[in-house]
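One file, input_19.txt, carrying compact mmCIF, C-alpha atoms:
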# COMPACT_ATOMS: atom_id res chain seq x y z
CA MET A 1 134.46 113.64 139.97
CA LYS A 2 131.29 112.20 138.47
CA LYS A 3 128.35 111.80 140.83
CA TYR A 4 126.46 108.53 141.00
CA PRO A 5 123.84 107.37 140.45
CA ALA A 6 123.95 109.17 137.12
CA LEU A 7 120.62 109.79 135.38
CA LEU A 8 120.95 109.53 131.58
CA ARG A 9 118.65 109.31 128.56
CA PHE A 10 118.67 106.24 126.33
CA HIS A 11 119.83 108.20 123.29
CA ASP A 12 122.96 109.24 125.17
CA LEU A 13 123.55 105.75 126.57
CA LEU A 14 123.12 103.82 123.32
CA PRO A 15 126.60 104.34 121.82
CA GLY A 16 128.15 102.80 124.94
CA LEU A 17 125.40 100.36 125.86
CA GLU A 18 127.65 97.32 125.50
CA GLN A 19 130.16 98.84 127.91
CA PHE A 20 127.91 98.30 130.93
CA ASP A 21 128.80 95.25 132.99
CA ALA A 22 125.12 94.58 133.60
CA ILE A 23 121.79 95.97 132.39
CA ILE A 24 119.36 95.44 135.26
CA ASP A 25 115.62 95.47 134.63
CA VAL A 26 113.96 95.86 138.03
CA ARG A 27 110.40 95.51 136.72
CA SER A 28 108.26 92.49 137.57
CA PRO A 29 108.85 89.18 135.75
CA ALA A 30 105.64 89.62 133.72
CA GLU A 31 106.75 93.05 132.50
CA PHE A 32 110.20 91.70 131.68
CA ALA A 33 108.77 88.75 129.73
CA LEU A 34 106.80 91.03 127.41
CA ASP A 35 109.91 92.92 126.35
CA HIS A 36 113.16 94.32 127.70
CA ILE A 37 116.35 96.01 126.62
CA PRO A 38 118.55 93.44 124.83
CA GLY A 39 120.97 91.76 127.21
CA ALA A 40 119.11 92.84 130.35
CA ILE A 41 118.75 90.59 133.38
CA ASN A 42 115.62 90.64 135.51
CA CYS A 43 116.12 91.58 139.17
CA PRO A 44 112.62 92.63 140.20
CA VAL A 45 112.31 94.91 143.18
CA LEU A 46 108.63 93.94 143.23
CA ASP A 47 107.50 90.60 141.85
CA ASP A 48 104.14 90.26 140.06
CA GLU A 49 102.14 89.51 143.22
CA GLU A 50 103.86 92.27 145.22
CA ARG A 51 103.29 94.81 142.47
CA HIS A 52 99.61 93.88 142.43
CA ARG A 53 99.39 94.28 146.22
CA VAL A 54 100.98 97.73 146.16
CA GLY A 55 98.79 98.84 143.27
CA THR A 56 95.63 97.62 144.98
CA LEU A 57 96.58 99.39 148.22
CA TYR A 58 97.27 102.60 146.28
CA ARG A 59 93.80 102.52 144.69
CA GLN A 60 91.91 101.50 147.82
CA THR A 61 93.76 103.37 150.58
CA GLY A 62 96.07 105.97 149.05
CA ALA A 63 99.65 106.75 148.10
CA PHE A 64 101.12 106.97 151.60
CA GLU A 65 100.13 103.46 152.71
CA ALA A 66 101.10 102.03 149.34
CA LYS A 67 104.53 103.67 149.48
CA LYS A 68 105.18 102.28 152.96
CA LEU A 69 104.40 98.76 151.81
CA GLY A 70 106.32 99.26 148.55
CA ALA A 71 109.40 100.58 150.36
CA THR A 72 109.40 97.59 152.71
CA LEU A 73 109.17 95.08 149.87
CA ILE A 74 111.61 96.92 147.61
CA ALA A 75 114.26 97.22 150.32
CA ARG A 76 113.95 93.52 151.12
CA ASN A 77 114.21 92.50 147.46
CA ILE A 78 117.17 94.78 146.72
CA ALA A 79 119.00 93.28 149.72
CA HIS A 80 118.30 89.81 148.33
CA HIS A 81 119.70 90.74 144.90
CA ILE A 82 122.83 92.25 146.43
CA GLU A 83 123.41 89.13 148.54
CA THR A 84 122.77 86.63 145.77
CA GLN A 85 123.93 88.36 142.57
CA PHE A 86 126.05 91.46 143.17
CA ILE A 87 128.03 90.82 146.34
CA ASP A 88 131.17 89.59 144.56
CA GLN A 89 131.34 92.41 141.99
CA PRO A 90 134.43 94.68 142.09
CA GLN A 91 134.21 98.40 142.83
CA ASP A 92 134.44 99.37 139.16
CA TRP A 93 131.46 97.16 138.21
CA LYS A 94 129.15 99.43 136.21
CA PRO A 95 125.42 98.57 136.08
CA LEU A 96 122.65 100.29 134.13
CA ILE A 97 119.31 100.13 135.97
CA TYR A 98 115.83 100.80 134.63
CA CYS A 99 112.16 100.27 135.47
CA TRP A 100 108.93 101.25 133.67
CA ARG A 101 109.26 105.05 133.80
CA GLY A 102 112.60 105.60 135.51
CA GLY A 103 110.99 106.34 138.84
CA ASN A 104 110.90 104.81 142.30
CA ARG A 105 111.77 101.20 141.51
CA SER A 106 114.94 101.86 139.50
CA GLY A 107 115.75 104.91 141.62
CA ALA A 108 115.81 102.83 144.78
CA MET A 109 118.09 100.18 143.29
CA ALA A 110 120.41 102.74 141.66
CA THR A 111 120.72 104.80 144.83
CA ILE A 112 121.63 101.84 147.02
CA LEU A 113 124.16 100.46 144.52
CA ALA A 114 125.74 103.90 144.17
CA ARG A 115 125.92 104.32 147.96
CA ILE A 116 127.83 101.05 148.14
CA GLY A 117 130.34 102.56 145.73
CA TRP A 118 129.44 101.13 142.32
CA PRO A 119 129.19 103.64 139.41
CA ALA A 120 125.49 102.94 138.87
CA VAL A 121 123.54 104.62 136.07
CA GLN A 122 119.76 104.99 136.03
CA LEU A 123 117.88 105.16 132.72
CA ASP A 124 115.96 108.44 132.66
CA GLY A 125 112.43 107.70 131.49
CA GLY A 126 112.89 103.95 131.95
CA TYR A 127 111.58 101.32 129.59
CA LYS A 128 109.04 103.78 128.12
CA GLU A 129 111.89 106.00 126.94
CA TYR A 130 113.63 102.97 125.44
CA ARG A 131 110.45 101.99 123.58
CA ARG A 132 110.06 105.51 122.19
CA HIS A 133 113.59 105.26 120.82
CA VAL A 134 112.95 101.85 119.22
CA ASN A 135 109.67 102.99 117.67
CA ALA A 136 111.29 106.08 116.22
CA ASP A 137 114.32 104.14 114.97
CA LEU A 138 112.19 101.52 113.21
CA THR A 139 110.50 104.23 111.12
CA GLU A 140 113.79 105.14 109.44
CA LEU A 141 116.40 102.46 110.21
CA PRO A 142 115.30 100.05 107.40
CA GLU A 143 115.81 102.82 104.84
CA ARG A 144 119.55 102.83 105.56
CA PHE A 145 119.94 99.32 104.11
CA GLN A 146 119.82 97.56 100.78
CA PHE A 147 117.79 94.33 100.84
CA ARG A 148 117.73 91.26 98.64
CA VAL A 149 114.43 89.45 98.98
CA ILE A 150 114.50 85.67 98.72
CA CYS A 151 111.25 84.66 97.03
CA GLY A 152 109.74 81.33 96.14
CA PRO A 153 106.58 79.33 96.84
CA THR A 154 106.05 77.41 100.07
CA GLY A 155 108.56 74.59 100.47
CA SER A 156 111.12 75.99 98.03
CA GLY A 157 113.83 76.23 100.74
CA LYS A 158 113.85 79.96 101.48
CA SER A 159 114.40 79.57 105.22
CA ARG A 160 117.13 76.97 104.74
CA LEU A 161 118.89 79.23 102.26
CA LEU A 162 118.78 82.12 104.76
CA GLN A 163 120.28 79.84 107.41
CA THR A 164 123.08 78.82 105.05
CA LEU A 165 123.71 82.45 104.13
CA ALA A 166 123.97 83.34 107.82
CA ARG A 167 126.44 80.51 108.45
CA VAL A 168 128.84 81.89 105.85
CA GLY A 169 128.69 85.36 107.39
CA ALA A 170 126.12 87.12 105.22
CA GLN A 171 123.76 89.63 106.83
CA VAL A 172 120.43 87.86 107.28
CA LEU A 173 117.24 89.19 108.85
CA ASP A 174 115.25 86.02 109.50
CA LEU A 175 111.83 87.37 110.46
CA GLU A 176 110.24 83.93 110.84
CA LYS A 177 112.93 82.92 113.32
CA LEU A 178 112.42 86.11 115.32
CA ALA A 179 108.64 85.63 115.18
CA ALA A 180 108.80 81.92 116.11
CA HIS A 181 106.42 81.17 113.25
CA ARG A 182 106.70 79.91 109.69
CA GLY A 183 104.28 82.47 108.32
CA SER A 184 101.27 80.38 107.20
CA VAL A 185 98.15 78.78 108.63
CA LEU A 186 100.30 75.76 109.52
CA GLY A 187 103.23 77.92 110.61
CA ASN A 188 102.95 77.86 114.40
CA LEU A 189 105.79 76.01 116.12
CA PRO A 190 104.71 73.44 118.73
CA THR A 191 107.68 74.00 121.05
CA GLU A 192 107.65 77.82 120.93
CA THR A 193 105.16 80.57 121.58
CA GLN A 194 105.37 83.76 119.61
CA PRO A 195 106.97 86.72 121.40
CA SER A 196 105.02 89.87 122.12
CA GLN A 197 104.80 92.48 119.37
CA LYS A 198 107.17 94.71 121.37
CA LYS A 199 109.73 91.91 121.79
CA PHE A 200 109.53 91.13 118.07
CA GLU A 201 110.22 94.78 117.25
CA THR A 202 113.07 94.91 119.77
CA ASP A 203 114.71 91.88 118.15
CA ILE A 204 114.38 93.40 114.66
CA TRP A 205 115.85 96.69 115.90
CA GLN A 206 118.68 94.94 117.72
CA THR A 207 119.56 92.92 114.62
CA LEU A 208 119.47 95.87 112.23
CA ARG A 209 121.48 98.23 114.41
CA HIS A 210 124.43 95.81 114.40
CA PHE A 211 124.41 95.39 110.60
CA ASP A 212 126.75 97.17 108.20
CA THR A 213 124.81 99.63 106.01
CA GLN A 214 127.36 99.06 103.22
CA LYS A 215 126.43 95.38 102.92
CA VAL A 216 123.28 93.75 101.60
CA ILE A 217 120.72 92.19 103.95
CA TYR A 218 119.03 88.98 102.83
CA ILE A 219 115.41 88.59 103.88
CA GLU A 220 112.47 86.37 102.97
CA SER A 221 109.41 87.63 101.06
CA GLU A 222 107.12 87.82 104.08
CA SER A 223 103.56 89.06 104.41
CA LYS A 224 102.67 91.99 106.63
CA LYS A 225 101.80 89.51 109.39
CA ILE A 226 103.75 86.49 110.59
CA GLY A 227 101.32 84.57 112.76
CA ASP A 228 99.96 87.16 115.19
CA LEU A 229 102.84 89.60 114.72
CA ARG A 230 103.07 92.61 112.40
CA VAL A 231 106.20 93.47 110.45
CA PRO A 232 107.06 97.18 111.02
CA ASP A 233 105.70 99.37 108.21
CA ALA A 234 109.02 100.92 107.16
CA LEU A 235 110.62 97.48 106.91
CA ILE A 236 107.84 95.92 104.83
CA GLU A 237 107.83 98.94 102.52
CA ASN A 238 111.56 98.69 101.89
CA MET A 239 111.35 94.93 101.38
CA ARG A 240 108.60 95.28 98.79
CA LYS A 241 110.56 97.69 96.61
CA SER A 242 113.81 95.71 96.83
CA ALA A 243 115.42 93.46 94.22
CA CYS A 244 114.25 89.84 94.34
CA ILE A 245 115.93 86.46 93.98
CA SER A 246 113.52 83.65 93.12
CA LEU A 247 114.30 80.20 94.48
CA GLU A 248 113.18 77.14 92.55
CA LEU A 249 112.96 73.54 93.79
CA ALA A 250 111.34 70.54 92.13
CA HIS A 251 107.78 69.80 93.32
CA SER A 252 108.73 66.39 94.72
CA ASN A 253 111.52 67.92 96.77
CA ARG A 254 109.22 70.65 98.03
CA ILE A 255 106.95 67.93 99.41
CA ARG A 256 109.92 66.23 101.05
CA LEU A 257 111.13 69.50 102.58
CA LEU A 258 107.73 70.31 104.07
CA MET A 259 107.36 66.81 105.49
CA GLN A 260 110.74 67.31 107.21
CA ASP A 261 109.94 70.79 108.50
CA TYR A 262 106.41 69.96 109.65
CA GLN A 263 107.19 66.63 111.28
CA HIS A 264 105.16 67.64 114.34
CA PHE A 265 102.01 67.62 112.23
CA LEU A 266 102.85 64.24 110.72
CA ASN A 267 103.16 62.87 114.25
CA ASP A 268 99.86 64.42 115.36
CA PRO A 269 97.15 64.09 112.67
CA ASP A 270 94.51 65.53 115.04
CA LEU A 271 96.50 68.75 115.43
CA LEU A 272 96.94 68.90 111.66
CA SER A 273 93.20 68.44 111.09
CA LYS A 274 92.44 71.20 113.57
CA GLN A 275 94.68 73.61 111.66
CA LEU A 276 93.28 72.52 108.30
CA SER A 277 89.80 73.48 109.54
CA CYS A 278 90.99 77.10 109.45
CA LEU A 279 90.89 76.82 105.64
CA LEU A 280 87.19 75.88 105.55
CA GLN A 281 85.96 79.21 104.19
CA LEU A 282 88.56 79.19 101.43
CA HIS A 283 88.14 75.61 100.22
CA GLY A 284 84.74 74.36 101.34
CA ARG A 285 83.58 71.39 103.38
CA GLU A 286 84.16 68.72 100.72
CA LYS A 287 87.85 69.49 100.19
CA ILE A 288 88.55 69.99 103.90
CA ALA A 289 86.85 66.67 104.64
CA ARG A 290 89.12 65.00 102.07
CA TRP A 291 92.20 66.56 103.65
CA HIS A 292 91.04 65.47 107.12
CA LYS A 293 90.72 61.90 105.82
CA LEU A 294 94.16 61.98 104.22
CA ALA A 295 95.63 63.17 107.53
CA ALA A 296 93.78 60.49 109.50
CA ASP A 297 94.88 57.77 107.05
CA GLY A 298 98.51 58.87 107.18
CA GLU A 299 98.56 59.83 103.49
CA MET A 300 100.79 62.77 104.26
CA GLU A 301 102.68 62.93 100.98
CA VAL A 302 99.43 63.13 99.03
CA LEU A 303 98.03 65.69 101.46
CA VAL A 304 101.10 67.94 101.28
CA GLY A 305 101.06 67.77 97.48
CA GLU A 306 97.41 68.81 97.34
CA LEU A 307 97.95 71.62 99.85
CA LEU A 308 100.74 72.98 97.66
CA GLU A 309 98.77 72.75 94.43
CA ASP A 310 95.37 73.90 95.69
CA HIS A 311 96.22 76.33 98.49
CA TYR A 312 99.80 77.52 98.87
CA ASP A 313 100.91 77.93 95.25
CA PRO A 314 97.85 79.93 94.09
CA ALA A 315 98.05 82.11 97.21
CA TYR A 316 101.76 82.73 96.63
CA SER A 317 101.23 83.70 92.99
CA ARG A 318 98.56 86.23 93.89
CA SER A 319 100.52 87.70 96.79
CA ILE A 320 104.00 87.93 95.27
CA GLU A 321 102.89 89.76 92.12
CA ARG A 322 100.71 92.17 94.08
CA ASN A 323 103.20 93.00 96.82
CA PHE A 324 106.72 92.78 95.40
CA SER A 325 107.08 95.21 92.51
CA ARG A 326 110.38 93.81 91.22
CA ILE A 327 109.48 90.11 91.19
CA LYS A 328 109.22 90.10 87.38
CA ASP A 329 112.92 90.98 87.21
CA ALA A 330 113.95 88.40 89.81
CA VAL A 331 117.03 86.30 89.12
CA LEU A 332 116.21 82.58 89.23
CA VAL A 333 118.33 80.34 91.46
CA ARG A 334 117.65 76.61 91.16
CA LEU A 335 118.22 74.12 93.97
CA SER A 336 119.16 70.70 92.66
CA ASP A 337 117.98 68.84 95.77
CA LEU A 338 117.77 69.16 99.58
CA SER A 339 121.39 68.35 100.34
CA ASP A 340 123.72 70.67 102.22
CA GLU A 341 125.86 70.84 99.09
CA ALA A 342 122.89 72.10 97.06
CA PHE A 343 122.18 74.89 99.54
CA GLN A 344 125.86 75.80 99.72
CA ALA A 345 125.99 76.05 95.93
CA ALA A 346 122.85 78.21 95.92
CA THR A 347 124.34 80.41 98.64
CA LYS A 348 127.49 80.94 96.59
CA GLU A 349 125.37 81.82 93.56
CA VAL A 350 123.21 84.28 95.53
CA ILE A 351 126.23 86.06 97.03
CA GLY A 352 127.80 86.17 93.58
CA LEU A 353 124.74 87.95 92.19
CA VAL A 354 125.15 90.76 94.68
CA SER A 355 128.85 91.20 94.05
CA GLU A 356 128.45 91.40 90.24
Please express what this file holds, its structure, as structure tokens.
Amino acid sequence: MKKYPALLRFHDLLPGLEQFDAIIDVRSPAEFALDHIPGAINCPVLDDEERHRVGTLYRQTGAFEAKKLGATLIARNIAHHIETQFIDQPQDWKPLIYCWRGGNRSGAMATILARIGWPAVQLDGGYKEYRRHVNADLTELPERFQFRVICGPTGSGKSRLLQTLARVGAQVLDLEKLAAHRGSVLGNLPTETQPSQKKFETDIWQTLRHFDTQKVIYIESESKKIGDLRVPDALIENMRKSACISLELAHSNRIRLLMQDYQHFLNDPDLLSKQLSCLLQLHGREKIARWHKLAADGEMEVLVGELLEDHYDPAYSRSIERNFSRIKDAVLVRLSDLSDEAFQAATKEVIGLVSE
């Protein structure tokens, strides 16, 4: 008969990770927010303030006093979680429990749940062991796949094409969606903050590990950085040597698309002007002053057109030729307009290119 709580390494748990009824992260809310195992719920045995208190007592007084306080708080919090979240679970309910290093916090929760009679498993090495696995996996996991890179200047519809591809069941790695950023100086999203670097990497790893290595992955021609986040080296290297598909959209429709996607800037000219000031060193005071005036006067169509012609298009031309070695051999896919039908037709064409 198996003894619980079982203590297992992440490598051994991974093949059956989805078979756990709950993955319980007992770290503090702040630790959980930075990153966590996909699908985990946060049941802290010490909240942020309690963890600070115990840590301060440990440094100022010593381990014994800190452990007494920690045990008191942990026992109280575990009791609360059992009463409010676990009390109705059947005897065969199987939780996986982890903390930072697989020590006292997860050990306390796992021991109590196992004593009740649940087949609890504790992650040996905790979150740190999980992170080591993700870091190691991301150095070689991208090499298992074949990518098709969707290229095209700003406003050509790359993100919308990826979304349409995903809706029809194609494998899509949408890095801008995972990064909560559109990848340019105006790319920050007003309603979302970017995740931590660790959370970004977790989401990439989680997406890739569920993909079929026999099928193509569609991805956008990103830079090494998306906002404040870095694309893992092995992924960017594989992207840059992959076959490219170049998306083309008429200039007038590119302006329309950007005005739709960046509506928050059109509604807040002051915010737009603040972001435009980041381009001062590249374009000089005279041009930035003109763009500020266009924003203030509501001349958004003119402003977007000038940004494309003077900033985004030249930057794209320099970057794409330098970083994507197969761009010269890219197959051209033309979008007729911004309609759903146009993107569906382009999606069908793109998928057809891969199957040829």
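Between CA of Arg160 (chain A) and CA of Asp337 (chain A) there is a distance of 12.1 Å.
From CA of Arg105 (chain A) back to CA of Gly70 (chain A), the distance works out to 9.1 Å.
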Go through region 16-94 of chain A and flag each residue having an atom no more than 10 Å from region 107-110 of chain A; for those, report the closest pair of atoms plus their distance in Å to one decimal, using all atoms listed in the file, ordered by chain and rising number, as a Markdown table.
| residue | atom | partner | partner_atom | distance |
| --- | --- | --- | --- | --- |
| A:Ile24 | CA | A:Met109 | CA | 9.4 |
| A:Val26 | CA | A:Met109 | CA | 8.0 |
| A:Cys43 | CA | A:Met109 | CA | 9.7 |
| A:Pro44 | CA | A:Met109 | CA | 9.8 |
| A:Val45 | CA | A:Met109 | CA | 7.8 |
| A:Ala71 | CA | A:Ala108 | CA | 8.8 |
| A:Ile74 | CA | A:Ala108 | CA | 7.8 |
| A:Ala75 | CA | A:Ala108 | CA | 8.0 |
| A:Asn77 | CA | A:Met109 | CA | 9.6 |
| A:Ile78 | CA | A:Met109 | CA | 6.5 |
| A:Ala79 | CA | A:Met109 | CA | 9.5 |
| A:His81 | CA | A:Met109 | CA | 9.7 |
| A:Ile82 | CA | A:Met109 | CA | 9.8 |
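You will find CA of Asp47 (chain A) at 19.1 Å from CA of Lys128 (chain A).
Among the candidate residues A:Glu129, A:Asp35, A:Asp124, A:Glu222, the one lying nearest to Phe200 (chain A) is A:Asp35, with distances computed using only C-alpha atoms.
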Name the residues in contact with region 315-318 of chain A at a cut-off of 12 Å, using all atoms listed in the file, excluding same-chain residues fewer than 6 positions from it; report them as a ChimeraX atom specification.
/A:151-156,183-185,221-223,282,307-309,324,327-328
Might you pull out every residue within 7 Å of Ser242 (chain A), with only C-alpha atoms counted and same-chain residues fewer than 5 positions away left off, and present them as a ChimeraX atom specification?
/A:147-149,326
For those residues, write C-alpha atoms to a file as a PDB file, keeping the file's coordinate frame.
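Result went into selection03.pdb, see below:
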ATOM      1  CA  PHE A 147     117.790  94.330 100.840  1.00  0.00           C
ATOM      2  CA  ARG A 148     117.730  91.260  98.640  1.00  0.00           C
ATOM      3  CA  VAL A 149     114.430  89.450  98.980  1.00  0.00           C
ATOM      4  CA  ARG A 326     110.380  93.810  91.220  1.00  0.00           C
TER       5      ARG A 326
END
Rebuild N, CA, C and O atoms on region 216-234 of chain A, as a PDB file, keeping the file's coordinate frame?
ATOM      1  N   VAL A 216     124.656  94.170 101.857  1.00  0.00           N
ATOM      2  CA  VAL A 216     123.280  93.750 101.600  1.00  0.00           C
ATOM      3  C   VAL A 216     122.736  92.934 102.759  1.00  0.00           C
ATOM      4  O   VAL A 216     123.473  92.198 103.427  1.00  0.00           O
ATOM      5  N   ILE A 217     121.430  93.063 103.007  1.00  0.00           N
ATOM      6  CA  ILE A 217     120.720  92.190 103.950  1.00  0.00           C
ATOM      7  C   ILE A 217     119.821  91.255 103.153  1.00  0.00           C
ATOM      8  O   ILE A 217     119.059  91.694 102.288  1.00  0.00           O
ATOM      9  N   TYR A 218     119.901  89.968 103.459  1.00  0.00           N
ATOM     10  CA  TYR A 218     119.030  88.980 102.830  1.00  0.00           C
ATOM     11  C   TYR A 218     117.818  88.746 103.739  1.00  0.00           C
ATOM     12  O   TYR A 218     117.963  88.592 104.956  1.00  0.00           O
ATOM     13  N   ILE A 219     116.650  88.709 103.119  1.00  0.00           N
ATOM     14  CA  ILE A 219     115.410  88.590 103.880  1.00  0.00           C
ATOM     15  C   ILE A 219     114.399  87.822 103.041  1.00  0.00           C
ATOM     16  O   ILE A 219     114.469  87.825 101.801  1.00  0.00           O
ATOM     17  N   GLU A 220     113.478  87.150 103.684  1.00  0.00           N
ATOM     18  CA  GLU A 220     112.470  86.370 102.970  1.00  0.00           C
ATOM     19  C   GLU A 220     111.271  87.240 102.606  1.00  0.00           C
ATOM     20  O   GLU A 220     110.973  88.224 103.281  1.00  0.00           O
ATOM     21  N   SER A 221     110.574  86.872 101.557  1.00  0.00           N
ATOM     22  CA  SER A 221     109.410  87.630 101.060  1.00  0.00           C
ATOM     23  C   SER A 221     108.193  87.381 101.950  1.00  0.00           C
ATOM     24  O   SER A 221     107.291  86.630 101.598  1.00  0.00           O
ATOM     25  N   GLU A 222     108.180  88.035 103.103  1.00  0.00           N
ATOM     26  CA  GLU A 222     107.120  87.820 104.080  1.00  0.00           C
ATOM     27  C   GLU A 222     105.880  88.660 103.797  1.00  0.00           C
ATOM     28  O   GLU A 222     105.939  89.681 103.101  1.00  0.00           O
ATOM     29  N   SER A 223     104.771  88.242 104.391  1.00  0.00           N
ATOM     30  CA  SER A 223     103.560  89.060 104.410  1.00  0.00           C
ATOM     31  C   SER A 223     103.681  90.102 105.503  1.00  0.00           C
ATOM     32  O   SER A 223     104.636  90.110 106.280  1.00  0.00           O
ATOM     33  N   LYS A 224     102.682  90.972 105.584  1.00  0.00           N
ATOM     34  CA  LYS A 224     102.670  91.990 106.630  1.00  0.00           C
ATOM     35  C   LYS A 224     102.585  91.364 108.017  1.00  0.00           C
ATOM     36  O   LYS A 224     103.062  91.931 108.994  1.00  0.00           O
ATOM     37  N   LYS A 225     101.935  90.187 108.098  1.00  0.00           N
ATOM     38  CA  LYS A 225     101.800  89.510 109.390  1.00  0.00           C
ATOM     39  C   LYS A 225     102.478  88.149 109.333  1.00  0.00           C
ATOM     40  O   LYS A 225     102.388  87.433 108.330  1.00  0.00           O
ATOM     41  N   ILE A 226     103.160  87.817 110.417  1.00  0.00           N
ATOM     42  CA  ILE A 226     103.750  86.490 110.590  1.00  0.00           C
ATOM     43  C   ILE A 226     103.092  85.904 111.826  1.00  0.00           C
ATOM     44  O   ILE A 226     103.420  86.283 112.954  1.00  0.00           O
ATOM     45  N   GLY A 227     102.131  85.022 111.626  1.00  0.00           N
ATOM     46  CA  GLY A 227     101.320  84.570 112.760  1.00  0.00           C
ATOM     47  C   GLY A 227     100.522  85.747 113.280  1.00  0.00           C
ATOM     48  O   GLY A 227      99.796  86.418 112.531  1.00  0.00           O
ATOM     49  N   ASP A 228     100.687  86.050 114.562  1.00  0.00           N
ATOM     50  CA  ASP A 228      99.960  87.160 115.190  1.00  0.00           C
ATOM     51  C   ASP A 228     100.762  88.461 115.194  1.00  0.00           C
ATOM     52  O   ASP A 228     100.297  89.465 115.742  1.00  0.00           O
ATOM     53  N   LEU A 229     101.946  88.452 114.622  1.00  0.00           N
ATOM     54  CA  LEU A 229     102.840  89.600 114.720  1.00  0.00           C
ATOM     55  C   LEU A 229     102.872  90.402 113.415  1.00  0.00           C
ATOM     56  O   LEU A 229     102.797  89.836 112.324  1.00  0.00           O
ATOM     57  N   ARG A 230     103.019  91.709 113.542  1.00  0.00           N
ATOM     58  CA  ARG A 230     103.070  92.610 112.400  1.00  0.00           C
ATOM     59  C   ARG A 230     104.508  93.042 112.114  1.00  0.00           C
ATOM     60  O   ARG A 230     105.224  93.449 113.030  1.00  0.00           O
ATOM     61  N   VAL A 231     104.891  92.966 110.861  1.00  0.00           N
ATOM     62  CA  VAL A 231     106.200  93.470 110.450  1.00  0.00           C
ATOM     63  C   VAL A 231     106.125  94.996 110.424  1.00  0.00           C
ATOM     64  O   VAL A 231     105.169  95.560 109.882  1.00  0.00           O
ATOM     65  N   PRO A 232     107.087  95.703 111.014  1.00  0.00           N
ATOM     66  CA  PRO A 232     107.060  97.180 111.020  1.00  0.00           C
ATOM     67  C   PRO A 232     106.878  97.750 109.610  1.00  0.00           C
ATOM     68  O   PRO A 232     107.452  97.246 108.637  1.00  0.00           O
ATOM     69  N   ASP A 233     106.077  98.817 109.509  1.00  0.00           N
ATOM     70  CA  ASP A 233     105.700  99.370 108.210  1.00  0.00           C
ATOM     71  C   ASP A 233     106.904  99.763 107.358  1.00  0.00           C
ATOM     72  O   ASP A 233     106.953  99.451 106.157  1.00  0.00           O
ATOM     73  N   ALA A 234     107.867 100.460 107.944  1.00  0.00           N
ATOM     74  CA  ALA A 234     109.020 100.920 107.160  1.00  0.00           C
ATOM     75  C   ALA A 234     109.815  99.747 106.600  1.00  0.00           C
ATOM     76  O   ALA A 234     110.353  99.828 105.489  1.00  0.00           O
TER      77      ALA A 234
END
